[in-house]
file work-v3.txt (compact mmCIF, C-alpha atoms and all ligand atoms)
# COMPACT_ATOMS: atom_id res chain seq x y z
CA MET A 1 43.71 131.77 -135.78
CA ILE A 2 43.66 129.98 -139.17
CA LYS A 3 41.35 127.00 -139.68
CA ALA A 4 42.85 123.97 -138.01
CA GLN A 5 43.30 120.60 -139.67
CA PHE A 6 40.77 119.05 -137.35
CA PRO A 7 38.91 122.07 -135.98
CA GLU A 8 37.52 120.09 -133.07
CA GLU A 9 40.95 118.84 -132.07
CA GLN A 10 42.77 122.09 -131.39
CA SER A 11 43.64 123.56 -128.03
CA LYS A 12 43.51 127.32 -127.39
CA ASP A 13 47.24 127.69 -127.99
CA GLY A 14 47.14 126.05 -131.43
CA GLY A 15 48.16 122.58 -130.33
CA PHE A 16 46.71 119.41 -131.87
CA VAL A 17 44.74 117.25 -129.42
CA ARG A 18 43.76 113.90 -130.95
CA GLN A 19 40.21 112.55 -130.48
CA GLN A 20 39.67 109.42 -128.37
CA ASP A 21 38.89 106.10 -130.03
CA ALA A 22 35.16 105.36 -129.97
CA PHE A 23 34.94 101.56 -130.01
CA SER A 24 36.94 99.41 -127.67
CA GLY A 25 35.51 95.92 -127.73
CA TRP A 26 37.75 92.91 -127.33
CA VAL A 27 38.16 89.51 -128.95
CA GLY A 28 39.49 86.77 -126.69
CA ALA A 29 39.64 85.62 -123.11
CA GLY A 30 41.67 88.58 -121.85
CA VAL A 31 38.48 90.35 -120.68
CA ALA A 32 35.28 88.97 -119.14
CA ASP A 33 32.95 89.80 -122.05
CA GLY A 34 35.43 89.12 -124.88
CA LEU A 35 34.07 87.92 -128.22
CA PRO A 36 35.09 84.41 -129.28
CA VAL A 37 38.24 83.90 -131.34
CA GLN A 38 37.07 82.29 -134.59
CA PRO A 39 38.73 81.97 -138.00
CA GLY A 40 37.22 84.19 -140.68
CA ARG A 41 34.87 86.00 -138.29
CA TYR A 42 36.76 89.29 -138.02
CA HIS A 43 37.89 91.65 -140.77
CA LEU A 44 40.41 94.46 -140.71
CA TYR A 45 39.77 97.70 -142.61
CA VAL A 46 42.98 99.68 -143.05
CA SER A 47 44.85 102.25 -145.06
CA TYR A 48 48.47 101.58 -146.06
CA ALA A 49 49.02 105.30 -145.58
CA CYS A 50 48.12 105.45 -141.91
CA PRO A 51 50.78 104.70 -139.28
CA TRP A 52 48.18 103.53 -136.73
CA ALA A 53 46.70 101.10 -139.22
CA HIS A 54 50.17 100.06 -140.33
CA ARG A 55 50.94 98.74 -136.83
CA THR A 56 48.03 96.33 -137.03
CA ILE A 57 48.94 95.26 -140.59
CA ILE A 58 52.46 94.47 -139.38
CA VAL A 59 51.35 92.37 -136.41
CA ARG A 60 48.86 90.48 -138.61
CA ALA A 61 51.69 89.72 -141.06
CA LEU A 62 54.32 88.81 -138.46
CA LYS A 63 52.02 86.47 -136.56
CA GLY A 64 50.74 84.89 -139.78
CA LEU A 65 47.07 85.78 -139.36
CA GLU A 66 46.35 86.50 -143.02
CA ASP A 67 44.12 83.45 -143.45
CA ALA A 68 42.32 83.91 -140.14
CA VAL A 69 41.58 87.65 -140.35
CA GLY A 70 40.72 89.19 -143.74
CA MET A 71 41.88 92.68 -144.63
CA THR A 72 40.67 95.38 -147.00
CA VAL A 73 42.66 98.49 -147.90
CA VAL A 74 40.91 101.80 -148.60
CA ASP A 75 41.74 104.39 -151.27
CA PRO A 76 44.62 106.48 -149.87
CA ALA A 77 43.08 109.70 -151.15
CA ARG A 78 40.17 110.48 -148.86
CA ASP A 79 37.43 112.63 -150.33
CA GLU A 80 35.06 114.94 -148.44
CA ARG A 81 33.09 111.87 -147.32
CA GLY A 82 36.14 110.29 -145.75
CA TRP A 83 37.83 106.94 -146.36
CA ARG A 84 36.48 105.31 -149.51
CA PHE A 85 36.52 101.80 -150.96
CA GLY A 86 37.07 101.23 -154.68
CA GLU A 87 39.24 99.48 -157.21
CA GLY A 88 42.70 100.93 -157.67
CA ASP A 89 46.40 100.37 -157.31
CA GLY A 90 46.82 98.61 -153.95
CA PHE A 91 43.22 99.07 -152.78
CA THR A 92 39.93 97.33 -153.47
CA ALA A 93 36.17 97.43 -153.09
CA ASP A 94 34.81 96.06 -149.80
CA PRO A 95 34.22 92.32 -150.28
CA VAL A 96 32.58 91.84 -146.88
CA ASN A 97 29.81 94.42 -146.66
CA GLY A 98 29.96 96.21 -150.00
CA PHE A 99 30.43 99.50 -148.14
CA ARG A 100 31.37 102.43 -150.35
CA TYR A 101 32.65 104.51 -147.42
CA LEU A 102 34.15 103.41 -144.12
CA SER A 103 31.68 105.74 -142.40
CA GLU A 104 29.01 103.10 -143.15
CA ALA A 105 30.77 100.73 -140.74
CA TYR A 106 30.73 103.41 -138.04
CA LEU A 107 27.06 104.24 -138.61
CA ALA A 108 26.10 100.55 -138.63
CA THR A 109 27.67 100.31 -135.17
CA ASP A 110 26.44 103.63 -133.79
CA PRO A 111 23.79 105.46 -135.83
CA HIS A 112 24.62 108.69 -133.95
CA TYR A 113 28.37 108.56 -134.58
CA ASP A 114 29.59 112.01 -135.61
CA SER A 115 33.31 112.14 -134.86
CA ARG A 116 36.12 111.49 -137.34
CA VAL A 117 35.98 108.13 -139.10
CA THR A 118 39.39 106.55 -138.67
CA VAL A 119 41.38 103.49 -139.67
CA PRO A 120 42.16 100.86 -138.49
CA VAL A 121 38.81 99.19 -137.82
CA LEU A 122 38.29 95.60 -136.66
CA TRP A 123 34.87 94.47 -137.91
CA ASP A 124 32.82 91.52 -136.62
CA LYS A 125 30.98 89.83 -139.49
CA GLU A 126 28.70 88.00 -137.10
CA THR A 127 27.25 90.91 -135.11
CA ARG A 128 27.87 93.26 -138.07
CA ARG A 129 29.47 95.84 -135.83
CA ILE A 130 32.87 97.37 -135.22
CA VAL A 131 34.69 95.56 -132.43
CA SER A 132 37.41 98.18 -132.06
CA ASN A 133 38.95 101.15 -133.78
CA ASN A 134 41.74 101.31 -131.22
CA ASP A 135 45.02 100.32 -132.85
CA ASP A 136 46.77 99.59 -129.53
CA ASP A 137 44.07 97.08 -128.65
CA ILE A 138 43.92 95.54 -132.13
CA MET A 139 47.70 95.01 -132.02
CA ARG A 140 47.48 93.39 -128.58
CA MET A 141 44.59 91.13 -129.62
CA PHE A 142 46.54 89.96 -132.68
CA GLU A 143 49.67 89.49 -130.56
CA THR A 144 48.06 87.41 -127.86
CA GLU A 145 44.44 86.39 -128.28
CA PHE A 146 44.63 85.04 -131.83
CA ASP A 147 47.54 82.65 -131.18
CA ARG A 148 45.34 79.61 -131.76
CA LEU A 149 44.83 80.78 -135.36
CA ALA A 150 48.31 82.20 -135.97
CA LYS A 151 50.92 80.57 -138.21
CA ARG A 152 53.58 81.89 -135.82
CA PRO A 153 52.06 81.67 -132.33
CA GLU A 154 55.54 81.38 -130.79
CA LEU A 155 56.47 84.91 -131.89
CA ASN A 156 56.14 87.00 -128.75
CA LEU A 157 55.93 90.74 -129.38
CA TYR A 158 54.99 91.49 -125.77
CA PRO A 159 57.27 89.34 -123.61
CA ARG A 160 56.21 89.40 -119.98
CA GLU A 161 59.70 90.09 -118.67
CA HIS A 162 59.87 93.30 -120.72
CA ALA A 163 56.25 94.41 -120.28
CA GLY A 164 57.07 97.32 -117.97
CA GLU A 165 59.73 98.74 -120.28
CA ILE A 166 57.56 98.16 -123.37
CA ASP A 167 54.64 100.05 -121.78
CA ARG A 168 56.90 102.87 -120.63
CA LEU A 169 58.64 103.36 -123.96
CA ASN A 170 55.39 102.95 -125.93
CA ALA A 171 53.83 105.82 -123.98
CA HIS A 172 56.89 108.03 -124.41
CA LEU A 173 57.15 107.31 -128.14
CA TYR A 174 53.42 107.85 -128.66
CA ASP A 175 53.47 111.28 -127.10
CA THR A 176 56.77 112.60 -128.42
CA PHE A 177 57.18 110.79 -131.71
CA ASN A 178 54.23 108.85 -133.24
CA ASN A 179 51.74 111.57 -132.32
CA GLY A 180 54.53 114.16 -131.95
CA VAL A 181 54.95 114.53 -135.71
CA TYR A 182 51.19 115.16 -136.00
CA LYS A 183 51.38 117.77 -133.24
CA ALA A 184 54.10 119.53 -135.26
CA GLY A 185 52.27 119.17 -138.57
CA PHE A 186 48.81 120.20 -137.38
CA ALA A 187 49.92 123.04 -135.08
CA THR A 188 48.37 126.39 -135.91
CA SER A 189 50.72 128.54 -133.84
CA GLN A 190 54.48 128.97 -134.13
CA GLU A 191 54.99 128.12 -130.46
CA ALA A 192 53.00 124.90 -130.58
CA TYR A 193 54.80 123.84 -133.77
CA GLU A 194 58.30 124.58 -132.45
CA HIS A 195 57.66 122.85 -129.17
CA ALA A 196 56.30 119.73 -130.88
CA ALA A 197 59.01 119.59 -133.56
CA ARG A 198 61.84 120.04 -131.05
CA THR A 199 60.35 117.30 -128.91
CA VAL A 200 60.33 114.96 -131.93
CA PHE A 201 64.05 115.52 -132.43
CA ALA A 202 64.87 115.13 -128.75
CA THR A 203 63.30 111.67 -128.98
CA LEU A 204 65.14 110.83 -132.21
CA ASP A 205 68.41 111.80 -130.49
CA GLU A 206 67.58 109.48 -127.57
CA LEU A 207 66.73 106.63 -129.92
CA GLU A 208 69.92 107.18 -131.91
CA GLU A 209 71.96 106.90 -128.74
CA ARG A 210 70.12 103.78 -127.57
CA LEU A 211 70.49 102.10 -130.95
CA SER A 212 74.23 102.76 -131.04
CA ARG A 213 74.53 100.21 -128.21
CA GLN A 214 71.92 97.61 -129.12
CA ARG A 215 70.34 96.21 -132.25
CA TYR A 216 66.70 96.63 -131.15
CA LEU A 217 65.02 98.94 -128.67
CA ILE A 218 64.27 96.57 -125.82
CA ALA A 219 65.04 92.89 -126.38
CA GLY A 220 67.21 90.64 -128.54
CA SER A 221 64.53 90.61 -131.24
CA PRO A 222 61.97 93.25 -132.22
CA VAL A 223 59.02 93.67 -129.84
CA GLU A 224 55.84 95.70 -130.14
CA THR A 225 57.71 98.93 -129.37
CA ASP A 226 60.10 98.48 -132.31
CA TRP A 227 57.15 98.22 -134.70
CA ARG A 228 55.50 101.25 -133.16
CA ALA A 229 58.71 103.19 -133.80
CA PHE A 230 59.06 101.70 -137.28
CA VAL A 231 55.77 103.02 -138.67
CA THR A 232 56.79 106.61 -137.90
CA LEU A 233 60.43 106.18 -138.91
CA VAL A 234 59.54 104.76 -142.31
CA ARG A 235 57.27 107.75 -143.07
CA PHE A 236 59.67 110.33 -141.70
CA ASP A 237 61.87 111.29 -144.65
CA ALA A 238 59.10 110.77 -147.20
CA VAL A 239 56.41 112.81 -145.45
CA TYR A 240 57.12 114.24 -142.01
CA VAL A 241 60.28 116.17 -142.96
CA GLY A 242 58.48 118.19 -145.63
CA HIS A 243 54.75 117.99 -145.03
CA PHE A 244 54.87 118.20 -141.21
CA LYS A 245 57.97 120.47 -141.10
CA CYS A 246 60.00 118.10 -138.91
CA ASN A 247 63.12 119.12 -140.73
CA LEU A 248 66.06 119.55 -138.35
CA ARG A 249 67.42 116.27 -139.65
CA ARG A 250 66.29 113.31 -141.74
CA ILE A 251 66.47 109.66 -140.67
CA VAL A 252 69.21 109.08 -143.26
CA ASP A 253 71.31 111.63 -141.30
CA TYR A 254 71.24 109.41 -138.19
CA PRO A 255 73.58 106.46 -138.87
CA HIS A 256 72.11 104.13 -136.23
CA LEU A 257 68.46 104.97 -136.81
CA TRP A 258 68.89 104.64 -140.56
CA GLY A 259 70.52 101.21 -140.16
CA TYR A 260 67.83 100.18 -137.66
CA LEU A 261 65.06 101.25 -140.03
CA ARG A 262 66.56 99.15 -142.83
CA ASP A 263 67.08 96.23 -140.44
CA LEU A 264 63.37 96.18 -139.54
CA TYR A 265 62.26 96.79 -143.13
CA GLN A 266 64.24 93.76 -144.29
CA ILE A 267 62.54 91.36 -141.88
CA GLU A 268 60.44 88.86 -143.83
CA GLY A 269 56.93 90.07 -144.55
CA ILE A 270 57.53 93.73 -143.70
CA ALA A 271 58.46 95.31 -147.05
CA GLN A 272 55.07 94.24 -148.46
CA THR A 273 53.33 96.26 -145.74
CA VAL A 274 55.08 99.51 -146.75
CA ASN A 275 53.43 101.34 -149.64
CA PHE A 276 55.16 104.68 -150.28
CA ASP A 277 52.76 105.57 -153.06
CA HIS A 278 49.79 105.35 -150.69
CA ILE A 279 51.72 107.06 -147.90
CA LYS A 280 52.79 110.05 -149.97
CA ARG A 281 49.55 110.51 -151.85
CA HIS A 282 47.48 110.27 -148.69
CA TYR A 283 49.29 112.96 -146.73
CA TYR A 284 49.94 115.41 -149.53
CA LEU A 285 46.51 115.05 -151.18
CA THR A 286 44.22 115.01 -148.17
CA HIS A 287 45.53 117.68 -145.82
CA GLY A 288 44.34 120.64 -147.89
CA GLU A 289 44.97 123.16 -145.11
CA ILE A 290 48.68 122.43 -144.98
CA ASN A 291 49.22 121.57 -148.66
CA PRO A 292 46.62 123.57 -150.59
CA THR A 293 48.12 122.83 -154.03
CA ARG A 294 47.93 119.09 -153.31
CA ILE A 295 51.19 118.58 -155.16
CA VAL A 296 52.89 115.31 -154.22
CA PRO A 297 56.68 115.66 -154.14
CA ILE A 298 58.84 113.45 -156.34
CA GLY A 299 61.33 112.37 -153.68
CA PRO A 300 63.11 111.42 -151.62
CA LEU A 301 65.19 108.60 -153.05
CA LEU A 302 65.45 106.00 -150.28
CA ASP A 303 66.94 102.53 -150.56
CA LEU A 304 65.66 100.51 -147.63
CA THR A 305 67.11 97.31 -149.10
CA GLU A 306 70.75 98.39 -148.66
CA PRO A 307 72.69 96.16 -146.22
CA HIS A 308 72.33 97.52 -142.67
CA GLY A 309 75.32 95.88 -140.98
CA ARG A 310 73.63 95.64 -137.56
CA GLU A 311 73.88 91.84 -137.18
CA ASN A 312 76.73 92.03 -134.66
CA LEU A 313 75.16 94.48 -132.23
CA PRO A 314 74.01 92.95 -128.91
N1 LIG B 1 43.03 105.13 -133.50
C1 LIG B 1 44.23 105.87 -133.65
C2 LIG B 1 44.06 107.04 -134.54
C3 LIG B 1 43.73 106.60 -135.93
C4 LIG B 1 43.75 107.76 -136.90
O1 LIG B 1 43.71 108.93 -136.53
N2 LIG B 1 43.82 107.43 -138.20
C5 LIG B 1 43.83 108.47 -139.22
C6 LIG B 1 44.71 108.14 -140.39
S1 LIG B 1 46.41 108.17 -139.99
C7 LIG B 1 42.44 108.62 -139.80
O2 LIG B 1 41.78 107.64 -140.08
N3 LIG B 1 41.98 109.85 -140.00
C8 LIG B 1 40.70 110.13 -140.53
C9 LIG B 1 40.40 111.61 -140.56
O3 LIG B 1 41.30 112.37 -140.21
O4 LIG B 1 39.31 111.99 -140.93
C10 LIG B 1 44.83 106.27 -132.32
O5 LIG B 1 44.67 105.46 -131.41
O6 LIG B 1 45.50 107.27 -132.19

call {"tool": "encode", "arguments": {"input": "work-v3.txt", "output": "structure tokens"}}
result
Amino acid sequence: MIKAQFPEEQSKDGGFVRQQDAFSGWVGAGVADGLPVQPGRYHLYVSYACPWAHRTIIVRALKGLEDAVGMTVVDPARDERGWRFGEGDGFTADPVNGFRYLSEAYLATDPHYDSRVTVPVLWDKETRRIVSNNDDDIMRMFETEFDRLAKRPELNLYPREHAGEIDRLNAHLYDTFNNGVYKAGFATSQEAYEHAARTVFATLDELEERLSRQRYLIAGSPVETDWRAFVTLVRFDAVYVGHFKCNLRRIVDYPHLWGYLRDLYQIEGIAQTVNFDHIKRHYYLTHGEINPTRIVPIGPLLDLTEPHGRENLP
């Protein structure tokens, strides 16, 4: 079998099995030993390229937490030492700790840490440790626990009456779509690839059908699940079609999904969170096993600002 993208994260049949998140602390009253919610205490380390980080960037922006929780973006091109800080287009040095590599945050928290160093990371300036590198939890904390500090505390991305459906669809989308494209892209056997890629398109077909009847996935306004879908949809034509070989169709070929993607993109505050330069350079430059020439493609041409015409859907 050829060398896998993440050698430790391959099953015997060439499937990609993602590592578990290492740090799962909590800020807020939702758990017994939660850390206190305080302005300026926590800092988010992210990459604009990464869909898991992108979810947390979106919730921070939608809730209006920019002043309460600082954020630093890493260089989209990882080198052999992993995610790096520095000065460049859309990324900066680390103003909080002066770290040169994100691995320093992991080692400061656990000196024996030896798994992959991933974004997003929520850092506690007071204890000088990582609170969490679990994007699901970071989203939820920003959605609920930080309301006292949020400019838009009334925005509810996890409405109680839809919680069951949100949890169900989140899990389905994670397995078949958000992580599904990775399972297709990082497969090292034909069977594992085909199974994963076909599953991705089965889910896109379901979403297309659902979005022909309603403007958003679950409620009358976007909830957490819509943003979880968005981060994969917005990368799909630019990266997953070519780089991850998810190429039965593109999002622009699905009339409802394409309109839905533009609808979400045009919501205030969202376009600024989407950085196609970082997205494309990250995937094509850093996955040497699947793109050994490291050539970044010139396309596609996508206009996410075109009118979407979905205002009248229920
Ligand atoms: N915590 C996320 C995963 C985060 C993740 O895998 N991030 C990627 C970027 S998209 C990363 O940082 N990869 C580092 C590496 O592959 O070494 C999850 O719950 O699934």

call {"tool": "atom_distance", "arguments": {"input": "work-v3.txt", "atom1": "atom CA of Ser103 of chain A", "atom2": "atom CA of Tyr284 of chain A"}}
result
21.9 Å

call {"tool": "residues_near_point", "arguments": {"input": "work-v3.txt", "point": "(59.9, 119.5, -135.1)", "cutoff": "12 Å", "atoms": "all atoms listed in the file", "output": "VMD selection string"}}
result
chain A and resid 176 to 177 179 to 187 190 to 204 236 240 to 250

call {"tool": "closest_atom_pairs", "arguments": {"input": "work-v3.txt", "of": "chain A", "to": "ligand LIG 1 (chain B)", "cutoff": "8 Å", "atoms": "only C-alpha atoms and all ligand atoms", "output": "tab-separated table"}}
result
residue	atom	partner	partner_atom	distance
A:Phe6	CA	B:LIG1	O3	7.3
A:Arg18	CA	B:LIG1	O6	7.0
A:Gln19	CA	B:LIG1	O6	7.7
A:Gln20	CA	B:LIG1	O5	7.1
A:Asp21	CA	B:LIG1	N1	5.5
A:Ser47	CA	B:LIG1	C6	7.5
A:Ala49	CA	B:LIG1	S1	6.8
A:Cys50	CA	B:LIG1	S1	3.7
A:Pro51	CA	B:LIG1	S1	5.6
A:Trp52	CA	B:LIG1	C3	5.5
A:Ala53	CA	B:LIG1	N2	7.0
A:Gly82	CA	B:LIG1	O4	6.0
A:Trp83	CA	B:LIG1	C8	7.2
A:Arg116	CA	B:LIG1	O4	4.8
A:Val117	CA	B:LIG1	C8	5.3
A:Thr118	CA	B:LIG1	O2	3.0
A:Val119	CA	B:LIG1	O2	4.2
A:Pro120	CA	B:LIG1	C3	6.5
A:Asn133	CA	B:LIG1	N1	5.7
A:Asn134	CA	B:LIG1	N1	4.6
A:Asp135	CA	B:LIG1	N1	5.2
A:Asp136	CA	B:LIG1	O5	6.5
A:Asn179	CA	B:LIG1	O6	7.6

call {"tool": "atom_distance", "arguments": {"input": "work-v3.txt", "atom1": "atom CA of Asp124 of chain A", "atom2": "atom CA of Arg78 of chain A"}}
result
23.7 Å

call {"tool": "residues_around", "arguments": {"input": "work-v3.txt", "residues": "Pro76 of chain A", "least_positions_apart": "6", "cutoff": "12 Å", "atoms": "only C-alpha atoms", "output": "PyMOL selection string"}}
result
chain A and resi 46-50+82-92+119+275-287

call {"tool": "closest_residue", "arguments": {"input": "work-v3.txt", "among": "A:Arg41, A:Val96, A:Tyr254, A:Pro159", "to": "Ser212 of chain A", "atoms": "only C-alpha atoms"}}
result
A:Tyr254
